[in-house]
Amino acid sequence: MSVAPKLLEEFNEVVRLVVHDSQQHSQFDQGSLNRLLFVFERVLKFGLKDIAIFGKTVIWDFLEKLPDCLPGTDTFISNIKRTSRNDIARGRLWIRFSFNSGSMHEHVESLLWNERLVKKFYSADSILLNDEHKSIFLMLLESLSMATLKFETNVAGLEHPNYYSTVSLKSIERNKPVEEPKEEKNEEKEANQDEKSKVVESNVEVVEPPVDEKHPKYFIVEDLRKYMMEFLQAKNRKYIYSASSFRKSLELLLRDGFINMDSF
């Protein structure tokens, strides 16, 4: 498996852990939060070109261009510049502030809309220039909107390249499903859910995907199918994070035959 799918797989696993913690526990596991920041930074570093005339190009050189892509973010960038004089630390603060404000998906999506800018900073094999990988990355970022993240921003050592070797990082067990909490049985509730499932199943044919764990879409295909089924059951937008993400999810499922359009 190449580097990009491995990174996406790891990012998917840590996102699932963080979202699960936000729903089931009052506090986050610090190791999971550190892992989230660490893997996110690795995604941004992957395929980053060294285009600096002096010194070395870092992710901040790309991230600080946000005001060129999203009007109204000049103050956001100015505050980060005032907070630290080191570009490595600024990049890490950009990530923390974006997560804390709940704006990470909007910020990244805005940067990626500027294809000319992305091509200037990234090589063709990067996640950010691969349409399929980019769509998966954005959907995973959007799923984090379910979690209220509050990272510390006054942290010593952010300017050091090896910062993440000094903090605890939760190990990720690949392909291990997150355990869901057990619910007390409720006969009336179960009966209603069974009735809704029958209606959905009569209108949608769901085809089991072939087993190919090396394909990046399979890391999240079960989540995509779940969101779609819930959407069809409830007709309620709270089950999908945005119209664009639902469309992207649907396109991936239809393209690879996970859902048969003739059944709609």
# chains A, B, ... in the order shown; residues from 1 in each chain; ligands from 1
>>> residues_around(residues="Leu93 of chain A", least_positions_apart="6", cutoff="12 Å", atoms="only C-alpha atoms", output="ChimeraX atom specification")
/A:37,41,59-60,63-64,76-87,99-101,151-159
>>> residues_around(residues="Leu149 of chain A", least_positions_apart="5", cutoff="10 Å", atoms="only C-alpha atoms", output="list in words")
Val18, Val19, Ser22, Phe28, Leu33, Arg96, Phe97, Ser98, Phe99, Asn100, Ser101, Gly102 and Leu144 of chain A
>>> write_last_selection(atoms="N, CA, C and O atoms", output="PDB file, in the first residue's frame")
ATOM      1  N   VAL A  18     -11.802   9.788  18.078  1.00  0.00           N
ATOM      2  CA  VAL A  18     -12.104  11.091  18.671  1.00  0.00           C
ATOM      3  C   VAL A  18     -13.607  11.355  18.666  1.00  0.00           C
ATOM      4  O   VAL A  18     -14.174  11.814  19.663  1.00  0.00           O
ATOM      5  N   VAL A  19     -14.286  11.062  17.551  1.00  0.00           N
ATOM      6  CA  VAL A  19     -15.736  11.261  17.482  1.00  0.00           C
ATOM      7  C   VAL A  19     -16.441  10.355  18.477  1.00  0.00           C
ATOM      8  O   VAL A  19     -17.390  10.766  19.158  1.00  0.00           O
ATOM      9  N   SER A  22     -16.080  11.746  21.943  1.00  0.00           N
ATOM     10  CA  SER A  22     -16.909  12.941  22.136  1.00  0.00           C
ATOM     11  C   SER A  22     -18.363  12.575  22.413  1.00  0.00           C
ATOM     12  O   SER A  22     -19.069  13.302  23.106  1.00  0.00           O
ATOM     13  N   PHE A  28     -11.863  13.735  26.528  1.00  0.00           N
ATOM     14  CA  PHE A  28     -11.145  13.070  25.449  1.00  0.00           C
ATOM     15  C   PHE A  28      -9.896  12.392  26.004  1.00  0.00           C
ATOM     16  O   PHE A  28      -9.318  12.844  26.987  1.00  0.00           O
ATOM     17  N   LEU A  33      -6.061  12.769  21.004  1.00  0.00           N
ATOM     18  CA  LEU A  33      -5.999  14.139  20.491  1.00  0.00           C
ATOM     19  C   LEU A  33      -4.617  14.439  19.907  1.00  0.00           C
ATOM     20  O   LEU A  33      -4.501  15.061  18.842  1.00  0.00           O
ATOM     21  N   ARG A  96      -4.426  23.973  15.468  1.00  0.00           N
ATOM     22  CA  ARG A  96      -5.138  23.973  16.754  1.00  0.00           C
ATOM     23  C   ARG A  96      -6.253  25.024  16.771  1.00  0.00           C
ATOM     24  O   ARG A  96      -7.374  24.735  17.211  1.00  0.00           O
ATOM     25  N   PHE A  97      -5.963  26.226  16.295  1.00  0.00           N
ATOM     26  CA  PHE A  97      -6.990  27.276  16.278  1.00  0.00           C
ATOM     27  C   PHE A  97      -8.133  26.922  15.329  1.00  0.00           C
ATOM     28  O   PHE A  97      -9.296  27.217  15.611  1.00  0.00           O
ATOM     29  N   SER A  98      -7.823  26.297  14.217  1.00  0.00           N
ATOM     30  CA  SER A  98      -8.870  25.914  13.256  1.00  0.00           C
ATOM     31  C   SER A  98      -9.792  24.860  13.854  1.00  0.00           C
ATOM     32  O   SER A  98     -11.010  24.921  13.689  1.00  0.00           O
ATOM     33  N   PHE A  99      -9.206  23.890  14.538  1.00  0.00           N
ATOM     34  CA  PHE A  99     -10.033  22.878  15.208  1.00  0.00           C
ATOM     35  C   PHE A  99     -10.854  23.509  16.330  1.00  0.00           C
ATOM     36  O   PHE A  99     -12.049  23.224  16.487  1.00  0.00           O
ATOM     37  N   ASN A 100     -10.231  24.361  17.125  1.00  0.00           N
ATOM     38  CA  ASN A 100     -10.921  24.966  18.267  1.00  0.00           C
ATOM     39  C   ASN A 100     -12.110  25.822  17.845  1.00  0.00           C
ATOM     40  O   ASN A 100     -13.127  25.892  18.542  1.00  0.00           O
ATOM     41  N   SER A 101     -11.980  26.491  16.707  1.00  0.00           N
ATOM     42  CA  SER A 101     -13.056  27.371  16.237  1.00  0.00           C
ATOM     43  C   SER A 101     -14.120  26.619  15.445  1.00  0.00           C
ATOM     44  O   SER A 101     -15.130  27.210  15.047  1.00  0.00           O
ATOM     45  N   GLY A 102     -13.893  25.310  15.220  1.00  0.00           N
ATOM     46  CA  GLY A 102     -14.846  24.532  14.428  1.00  0.00           C
ATOM     47  C   GLY A 102     -14.810  24.884  12.955  1.00  0.00           C
ATOM     48  O   GLY A 102     -15.761  24.595  12.222  1.00  0.00           O
ATOM     49  N   LEU A 144     -15.545  15.496  11.922  1.00  0.00           N
ATOM     50  CA  LEU A 144     -15.052  15.985  13.213  1.00  0.00           C
ATOM     51  C   LEU A 144     -15.882  17.143  13.754  1.00  0.00           C
ATOM     52  O   LEU A 144     -15.717  17.546  14.902  1.00  0.00           O
TER      53      LEU A 144
END
>>> residues_around(residues="Leu111 of chain A", least_positions_apart="4", cutoff="8 Å", atoms="only C-alpha atoms", output="PyMOL selection string")
chain A and resi 63+65-66+69-70+107+117-118
>>> write_last_selection(atoms="all heavy atoms", output="short mmCIF file (atom, residue, chain, number, x, y, z; two decimals), in the first residue's frame")
data_model
loop_
_atom_site.label_atom_id
_atom_site.label_comp_id
_atom_site.auth_asym_id
_atom_site.auth_seq_id
_atom_site.Cartn_x
_atom_site.Cartn_y
_atom_site.Cartn_z
N LEU A 63 -0.37 27.34 4.59
CA LEU A 63 -1.55 27.65 5.40
C LEU A 63 -1.76 29.16 5.57
O LEU A 63 -2.91 29.61 5.68
CB LEU A 63 -1.42 26.99 6.78
CG LEU A 63 -1.33 25.47 6.78
CD1 LEU A 63 -1.14 24.95 8.21
CD2 LEU A 63 -2.58 24.84 6.15
N LYS A 65 -1.67 31.34 3.48
CA LYS A 65 -2.32 31.90 2.29
C LYS A 65 -3.84 31.85 2.41
O LYS A 65 -4.55 32.22 1.46
CB LYS A 65 -1.90 31.12 1.04
CG LYS A 65 -0.40 31.03 0.82
CD LYS A 65 0.24 32.40 0.63
CE LYS A 65 1.73 32.26 0.32
NZ LYS A 65 2.40 33.57 0.21
N LEU A 66 -4.36 31.44 3.55
CA LEU A 66 -5.81 31.31 3.74
C LEU A 66 -6.59 32.56 3.36
O LEU A 66 -7.64 32.46 2.70
CB LEU A 66 -6.12 30.90 5.18
CG LEU A 66 -7.59 30.69 5.53
CD1 LEU A 66 -8.19 29.56 4.69
CD2 LEU A 66 -7.76 30.39 7.02
N CYS A 69 -7.82 32.84 -0.08
CA CYS A 69 -8.85 31.87 -0.49
C CYS A 69 -10.16 32.04 0.27
O CYS A 69 -11.22 31.65 -0.24
CB CYS A 69 -8.34 30.44 -0.25
SG CYS A 69 -6.71 30.10 -0.96
N LEU A 70 -10.10 32.60 1.46
CA LEU A 70 -11.29 32.77 2.29
C LEU A 70 -11.30 34.17 2.89
O LEU A 70 -10.60 34.43 3.88
CB LEU A 70 -11.32 31.71 3.40
CG LEU A 70 -12.55 31.69 4.31
CD1 LEU A 70 -13.80 31.38 3.51
CD2 LEU A 70 -12.36 30.67 5.43
N HIS A 107 -11.74 25.93 6.38
CA HIS A 107 -10.41 26.46 6.07
C HIS A 107 -9.69 25.60 5.02
O HIS A 107 -9.14 26.11 4.04
CB HIS A 107 -9.57 26.54 7.34
CG HIS A 107 -9.98 27.65 8.25
ND1 HIS A 107 -9.40 27.88 9.48
CD2 HIS A 107 -10.94 28.61 8.12
CE1 HIS A 107 -9.96 28.93 10.06
NE2 HIS A 107 -10.90 29.38 9.25
N LEU A 117 -2.81 27.43 -6.28
CA LEU A 117 -2.02 27.54 -5.06
C LEU A 117 -1.55 26.17 -4.59
O LEU A 117 -0.38 26.00 -4.21
CB LEU A 117 -2.84 28.22 -3.95
CG LEU A 117 -2.17 28.35 -2.58
CD1 LEU A 117 -1.01 29.34 -2.66
CD2 LEU A 117 -3.18 28.79 -1.53
N VAL A 118 -2.45 25.19 -4.60
CA VAL A 118 -2.11 23.85 -4.15
C VAL A 118 -1.00 23.26 -5.03
O VAL A 118 -0.05 22.64 -4.53
CB VAL A 118 -3.35 22.93 -4.15
CG1 VAL A 118 -2.97 21.53 -3.67
CG2 VAL A 118 -4.44 23.50 -3.25
#
>>> closest_residue(among="A:Trp113, A:Arg90, A:Phe137, A:Gly55", to="Glu10 of chain A", atoms="only C-alpha atoms")
A:Phe137
>>> residues_around(residues="Asp50 of chain A", least_positions_apart="6", cutoff="10 Å", atoms="only C-alpha atoms", output="short mmCIF file (atom, residue, chain, number, x, y, z; two decimals) with C-alpha atoms, in the first residue's frame")
data_model
loop_
_atom_site.label_atom_id
_atom_site.label_comp_id
_atom_site.auth_asym_id
_atom_site.auth_seq_id
_atom_site.Cartn_x
_atom_site.Cartn_y
_atom_site.Cartn_z
CA LYS A 56 13.02 25.19 4.03
CA THR A 57 9.35 25.23 3.05
CA VAL A 58 7.02 24.23 5.91
CA PHE A 121 3.11 23.94 -2.96
CA TYR A 122 2.36 20.25 -3.53
CA SER A 123 3.55 17.51 -5.86
#
>>> closest_residue(among="A:Ser168, A:Asn162, A:Ser135, A:Thr148", to="Gln30 of chain A", atoms="only C-alpha atoms")
A:Ser168
>>> residues_around(residues="Ser171 of chain A", least_positions_apart="3", cutoff="12 Å", atoms="only C-alpha atoms", output="PDB file with N, CA and C atoms, in the first residue's frame")
ATOM      1  N   GLU A  10      -4.962   5.771   8.590  1.00  0.00           N
ATOM      2  CA  GLU A  10      -4.630   6.146   9.968  1.00  0.00           C
ATOM      3  C   GLU A  10      -5.458   7.348  10.416  1.00  0.00           C
ATOM      4  N   GLU A  13      -8.993   6.209  11.252  1.00  0.00           N
ATOM      5  CA  GLU A  13      -9.091   5.509  12.533  1.00  0.00           C
ATOM      6  C   GLU A  13      -9.061   6.476  13.711  1.00  0.00           C
ATOM      7  N   VAL A  14      -8.171   7.477  13.655  1.00  0.00           N
ATOM      8  CA  VAL A  14      -8.088   8.399  14.780  1.00  0.00           C
ATOM      9  C   VAL A  14      -9.301   9.322  14.826  1.00  0.00           C
ATOM     10  N   LEU A  17     -12.017   7.410  16.562  1.00  0.00           N
ATOM     11  CA  LEU A  17     -11.789   7.356  18.005  1.00  0.00           C
ATOM     12  C   LEU A  17     -12.197   8.667  18.674  1.00  0.00           C
ATOM     13  N   ASP A  29      -9.487  11.331  25.335  1.00  0.00           N
ATOM     14  CA  ASP A  29      -8.203  10.720  25.629  1.00  0.00           C
ATOM     15  C   ASP A  29      -7.124  11.615  25.019  1.00  0.00           C
ATOM     16  N   GLN A  30      -6.198  12.101  25.848  1.00  0.00           N
ATOM     17  CA  GLN A  30      -5.187  13.038  25.360  1.00  0.00           C
ATOM     18  C   GLN A  30      -4.303  12.411  24.292  1.00  0.00           C
ATOM     19  N   GLY A  31      -4.046  11.115  24.436  1.00  0.00           N
ATOM     20  CA  GLY A  31      -3.248  10.435  23.432  1.00  0.00           C
ATOM     21  C   GLY A  31      -3.920  10.427  22.071  1.00  0.00           C
ATOM     22  N   SER A  32      -5.257  10.314  22.059  1.00  0.00           N
ATOM     23  CA  SER A  32      -6.003  10.341  20.792  1.00  0.00           C
ATOM     24  C   SER A  32      -5.945  11.726  20.160  1.00  0.00           C
ATOM     25  N   LEU A  33      -6.061  12.769  21.004  1.00  0.00           N
ATOM     26  CA  LEU A  33      -5.999  14.139  20.491  1.00  0.00           C
ATOM     27  C   LEU A  33      -4.617  14.439  19.907  1.00  0.00           C
ATOM     28  N   ASN A  34      -3.584  14.007  20.610  1.00  0.00           N
ATOM     29  CA  ASN A  34      -2.224  14.213  20.097  1.00  0.00           C
ATOM     30  C   ASN A  34      -2.022  13.467  18.774  1.00  0.00           C
ATOM     31  N   ARG A  35      -2.573  12.254  18.698  1.00  0.00           N
ATOM     32  CA  ARG A  35      -2.457  11.478  17.471  1.00  0.00           C
ATOM     33  C   ARG A  35      -3.186  12.164  16.324  1.00  0.00           C
ATOM     34  N   LEU A  36      -4.346  12.764  16.616  1.00  0.00           N
ATOM     35  CA  LEU A  36      -5.106  13.488  15.594  1.00  0.00           C
ATOM     36  C   LEU A  36      -4.271  14.624  15.017  1.00  0.00           C
ATOM     37  N   PHE A  38      -1.017  14.970  15.121  1.00  0.00           N
ATOM     38  CA  PHE A  38       0.185  14.410  14.509  1.00  0.00           C
ATOM     39  C   PHE A  38      -0.108  13.892  13.094  1.00  0.00           C
ATOM     40  N   VAL A  39      -1.178  13.119  12.956  1.00  0.00           N
ATOM     41  CA  VAL A  39      -1.493  12.545  11.647  1.00  0.00           C
ATOM     42  C   VAL A  39      -1.975  13.631  10.687  1.00  0.00           C
ATOM     43  N   SER A 168       2.605  11.921  24.427  1.00  0.00           N
ATOM     44  CA  SER A 168       2.009  10.591  24.271  1.00  0.00           C
ATOM     45  C   SER A 168       1.104  10.555  23.042  1.00  0.00           C
ATOM     46  N   ARG A 174      -5.483  -1.054  13.642  1.00  0.00           N
ATOM     47  CA  ARG A 174      -6.097  -0.951  12.325  1.00  0.00           C
ATOM     48  C   ARG A 174      -7.280  -1.899  12.171  1.00  0.00           C
TER      49      ARG A 174
END
>>> atom_distance(atom1="atom CA of Ile95 of chain A", atom2="atom CA of Asp125 of chain A")
22.5 Å
